Amino acid sequence: MPDDAIGRPDLPLLVSARPGLRDPRPGLSGLAGDELRTWIQAAGEPAYRARQVDDFVWGRSASDVETMRTLPAALRAAIGAAFRADTLVSTSVREGDGGLTEKALHVLDDGRLIESVLMRYPARTGQRERNTVCISSQAGCAVGCPFCATGELGFQRDLETAEIVDQVRTWQGRLAPAGRRVSNVVFMGMGEPLLNAERVIAAAEALTDAQRFGLGARHVTISTSGVIPGIERLAIDRPQYTLAVSLHAARPALRDVLVPLNRRYPVLDVVAAASDYARSTGRRVSYESVMIDGINDTPADAEAMARLLAGRSAHVNLIPMNPVAHTPWQPSRADRIAGFAATLRAAGVATTIRRNRGIEIGAACGQLAAEQAPAPAPDAVQRRRRHLEAESSAALVEAAR
Ligand code: SF4
C-alpha cells in the first residue's frame, strides 16, 4: 500500500489534493464473486489471470498493480486504469502499549480520514497469539454518542466495501513479514456499521471467503448501537458472526442521552432483535458498556442491566471510557466497575471487565481524526458540556425515583 507515512507518525498526512472529489475506479478488494473474472475475459485474457490477481490482492496484500509482475504489462496497465489496487491513499501509524497496540489513520481518495487499530495478544498457555483489527465502516458517524470522538465529527460518508476491506489488508501487509496474520476483525471503529449494512456485510463476506481473505466467520464481530433493521438484515443469511450491541445503559432515559439512536430504536426492542439473532444463528450476543464515572455505573444502572439481560444468551463487556476531549465525563473507577460486574454476575449474566488499549495513542475511535479536525469554539464546548451535564443529571434523578 502507498505507505510513505507508515510507521512515521511525524510525517504530515497526505490529504488528497482534490478534497471532495472521488476516484471513480472501484477497489479490487471490493469486487464480488465473478466480477473480476468476467472483466478479465471481456478484456480478452484467460480466466486464470483473475486467480493471479486474486493471489496478489488476498495472498500478498498488494497495493500497486505494478507489483503484479506475473501479469503481462498491458494487462497490468488495463487493470490499473479500471481499478484501484488500494483504496487507502496513505496511512500513518502510531504505536502504544509497548508495541501491542497500533493505530492507523488512513486518508481516502477524497481526503476524508478514517481509523483502524491493531491489538496484539501474545500467545499464552493454551491460547494462540491473536491479532485483532478494529475497522471503520463510515467516515464520521451520524449517531452522535456524546462520549465518542467520532460522534463529534458528525457524519461524512459511508465507506465502500473495498475501503473497509483494505484496512484489514493494510494490517495483514504489515504483519506478514514477521510471519503473523490477522486473526480477528471487529467492526467497532468509526461509524455505525449497520447504517452501512450492505457494504459491511459484503466486506465481512470477502473477509470470511476461503477464496479471498479466509477468516473464520466466528472471528468476525459486527457491532451496532441498535439499528434494528440492520440486525434483522444480518440474521437473514444466518452467518456465524458475533453481534455486539453497544448498550451503555439499560434505563431508557439514560440511554437516550448516551446513545441518541435509542429514541428511534428503544432499548427493549433492540435487545429483543438481538435475542432473535442469537436464536437464529446460535451465537451469543455481546453487549458492550462504556463505563462513565457517576453516570451509568450506579447500582440502579447495574440492576437495570441485570434485569434486562438475565436469562438471555448474552455476554457483557464493561470498558472504562477513554477520556475524550469536550465531554464533562471521566472513566469509572475500578471498584465501581467491579461492583457493577458483581451485580450482573449475581443475576447469571456472564460479564468481563476489559481494559483500555492504546490510551496514549488516542485509540478510542475517532480520536486521531478529531485531532486533525479544527477545534470547536470554546463557547460551543462549554454549551455542549452544560447540555450533557443537564441531560445526564435528569436521567440520574429519574433513576433515583
Ligand atoms: S460510539 Fe459508535 S455509534 Fe456512537 S457516535 Fe461513536 S462511532 Fe458512532
# chains A, B, ... in the order shown; residues from 1 in each chain; ligands from 1
$ residues_near_ligand --ligand "ligand 1" --cutoff "10 Å" --atoms "only C-alpha atoms and all ligand atoms" --output "PyMOL selection string"
chain A and resi 136-155+187-195+223-227+246+248+258-261+290+364-366
$ select_by_dssp --residues "region 149-211 of chain A" --states "alpha helix (DSSP H)" --output "PyMOL selection string"
chain A and resi 149-153+161-175+197-208
$ closest_atom_pairs --of "region 59-95 of chain A" --to "region 99-119 of chain A" --cutoff "12 Å" --atoms "only C-alpha atoms" --output "tab-separated table"
residue	atom	partner	partner_atom	distance
A:Arg84	CA	A:Asp109	CA	10.5
A:Asp86	CA	A:Leu108	CA	9.9
A:Thr87	CA	A:Leu108	CA	6.7
A:Leu88	CA	A:Leu108	CA	5.2
A:Val89	CA	A:Leu108	CA	5.4
A:Ser90	CA	A:Val107	CA	5.3
A:Thr91	CA	A:His106	CA	4.4
A:Ser92	CA	A:Leu105	CA	5.4
A:Val93	CA	A:Ala104	CA	4.4
A:Arg94	CA	A:Lys103	CA	5.3
A:Glu95	CA	A:Glu102	CA	4.4
$ write_last_selection --atoms "N, CA and C atoms" --output "compact mmCIF listing (two decimals), in the first residue's frame"
# COMPACT_ATOMS: atom_id res chain seq x y z
N ARG A 84 -8.68 0.32 -8.61
CA ARG A 84 -7.63 0.70 -7.65
C ARG A 84 -7.18 -0.56 -6.91
N ASP A 86 -5.55 -0.37 -4.20
CA ASP A 86 -5.70 0.00 -2.79
C ASP A 86 -6.53 1.28 -2.74
N THR A 87 -7.59 1.27 -1.95
CA THR A 87 -8.44 2.46 -1.87
C THR A 87 -7.98 3.43 -0.77
N LEU A 88 -6.92 3.04 -0.01
CA LEU A 88 -6.40 3.93 1.03
C LEU A 88 -5.21 4.67 0.44
N VAL A 89 -5.32 5.99 0.36
CA VAL A 89 -4.29 6.80 -0.33
C VAL A 89 -3.01 6.83 0.48
N SER A 90 -3.13 6.98 1.78
CA SER A 90 -1.93 6.90 2.64
C SER A 90 -2.36 6.50 4.04
N THR A 91 -1.38 6.04 4.79
CA THR A 91 -1.65 5.55 6.15
C THR A 91 -0.51 6.00 7.05
N SER A 92 -0.86 6.55 8.21
CA SER A 92 0.19 6.82 9.21
C SER A 92 -0.17 6.04 10.47
N VAL A 93 0.84 5.58 11.17
CA VAL A 93 0.62 4.64 12.29
C VAL A 93 1.30 5.16 13.54
N ARG A 94 0.57 5.03 14.67
CA ARG A 94 1.15 5.31 15.99
C ARG A 94 1.18 4.01 16.78
N GLU A 95 2.21 3.86 17.58
CA GLU A 95 2.36 2.65 18.41
C GLU A 95 2.12 2.97 19.87
$ residues_around --residues "Ser392 (chain A)" --least-positions-apart "4" --cutoff "7 Å" --atoms "only C-alpha atoms" --output "number ranges by chain"
A: 254, 257, 295, 388, 396
$ residues_around --residues "Ala50 (chain A)" --least-positions-apart "5" --cutoff "8 Å" --atoms "only C-alpha atoms" --output "list in words"
Leu36, Arg37 and Ile40 of chain A
$ residues_around --residues "Asn317 (chain A)" --least-positions-apart "3" --cutoff "12 Å" --atoms "only C-alpha atoms" --output "MDAnalysis selection string"
chainID A and resid 244:248 285:291 314 320 337:338 340:341 344:345 349:356
$ residues_around --residues "Ala81 (chain A)" --least-positions-apart "4" --cutoff "12 Å" --atoms "only C-alpha atoms" --output "number ranges by chain"
A: 23-28, 64-66, 74-77, 85
$ write_last_selection --atoms "N, CA and C atoms" --output "mmCIF file, in the first residue's frame"
data_model
loop_
_atom_site.group_PDB
_atom_site.id
_atom_site.type_symbol
_atom_site.label_atom_id
_atom_site.label_comp_id
_atom_site.auth_asym_id
_atom_site.auth_seq_id
_atom_site.Cartn_x
_atom_site.Cartn_y
_atom_site.Cartn_z
ATOM 1 N N ASP A 23 -12.359 9.136 -6.623
ATOM 2 C CA ASP A 23 -11.753 8.353 -7.699
ATOM 3 C C ASP A 23 -12.826 7.376 -8.190
ATOM 4 N N PRO A 24 -13.216 7.434 -9.472
ATOM 5 C CA PRO A 24 -14.326 6.583 -9.912
ATOM 6 C C PRO A 24 -13.964 5.106 -10.035
ATOM 7 N N ARG A 25 -12.683 4.761 -9.960
ATOM 8 C CA ARG A 25 -12.307 3.352 -10.144
ATOM 9 C C ARG A 25 -12.628 2.540 -8.884
ATOM 10 N N PRO A 26 -13.370 1.434 -9.032
ATOM 11 C CA PRO A 26 -13.633 0.604 -7.849
ATOM 12 C C PRO A 26 -12.352 -0.056 -7.338
ATOM 13 N N GLY A 27 -12.361 -0.383 -6.068
ATOM 14 C CA GLY A 27 -11.220 -1.095 -5.483
ATOM 15 C C GLY A 27 -11.303 -2.574 -5.815
ATOM 16 N N LEU A 28 -10.170 -3.182 -6.110
ATOM 17 C CA LEU A 28 -10.161 -4.613 -6.466
ATOM 18 C C LEU A 28 -10.729 -5.477 -5.346
ATOM 19 N N ASP A 64 -0.323 -2.113 -5.272
ATOM 20 C CA ASP A 64 0.074 -1.446 -6.511
ATOM 21 C C ASP A 64 0.030 -2.491 -7.630
ATOM 22 N N VAL A 65 -0.719 -2.201 -8.676
ATOM 23 C CA VAL A 65 -0.852 -3.167 -9.773
ATOM 24 C C VAL A 65 0.523 -3.468 -10.379
ATOM 25 N N GLU A 66 1.439 -2.509 -10.332
ATOM 26 C CA GLU A 66 2.756 -2.718 -10.937
ATOM 27 C C GLU A 66 3.556 -3.808 -10.236
ATOM 28 N N ALA A 74 0.650 -5.109 -20.437
ATOM 29 C CA ALA A 74 -0.548 -4.460 -20.985
ATOM 30 C C ALA A 74 -1.758 -4.716 -20.076
ATOM 31 N N LEU A 75 -1.820 -5.927 -19.518
ATOM 32 C CA LEU A 75 -2.950 -6.236 -18.623
ATOM 33 C C LEU A 75 -2.808 -5.440 -17.321
ATOM 34 N N ARG A 76 -1.577 -5.328 -16.831
ATOM 35 C CA ARG A 76 -1.377 -4.512 -15.613
ATOM 36 C C ARG A 76 -1.856 -3.087 -15.853
ATOM 37 N N ALA A 77 -1.516 -2.560 -16.991
ATOM 38 C CA ALA A 77 -1.920 -1.183 -17.293
ATOM 39 C C ALA A 77 -3.444 -1.080 -17.384
ATOM 40 N N ALA A 85 -5.861 -0.768 -6.844
ATOM 41 C CA ALA A 85 -5.346 -1.909 -6.073
ATOM 42 C C ALA A 85 -5.485 -1.637 -4.584
#
$ closest_residue --among "A:Gln211, A:Ser275, A:Ser280, A:Ser313" --to "Pro239 (chain A)" --atoms "only C-alpha atoms"
A:Ser280
$ residues_around --residues "region 389-391 of chain A" --least-positions-apart "4" --cutoff "8 Å" --atoms "only C-alpha atoms" --output "PyMOL selection string"
chain A and resi 257+328+385+395
$ write_last_selection --atoms "N, CA and C atoms" --output "tab-separated table (two decimals), in the first residue's frame"
chain	number	residue	atom	x	y	z
A	257	VAL	N	-29.64	9.63	26.37
A	257	VAL	CA	-28.53	10.61	26.43
A	257	VAL	C	-27.26	10.01	25.82
A	328	PRO	N	-17.87	16.33	29.72
A	328	PRO	CA	-17.64	16.63	31.15
A	328	PRO	C	-17.32	15.37	31.93
A	385	ARG	N	-20.98	20.89	27.05
A	385	ARG	CA	-20.76	20.31	28.38
A	385	ARG	C	-21.96	20.54	29.29
A	395	ALA	N	-31.43	12.26	33.87
A	395	ALA	CA	-31.56	10.79	33.78
A	395	ALA	C	-31.25	10.13	35.11
$ atom_distance --atom1 "CA of Val53 (chain A)" --atom2 "CA of Ala162 (chain A)"
15.1 Å
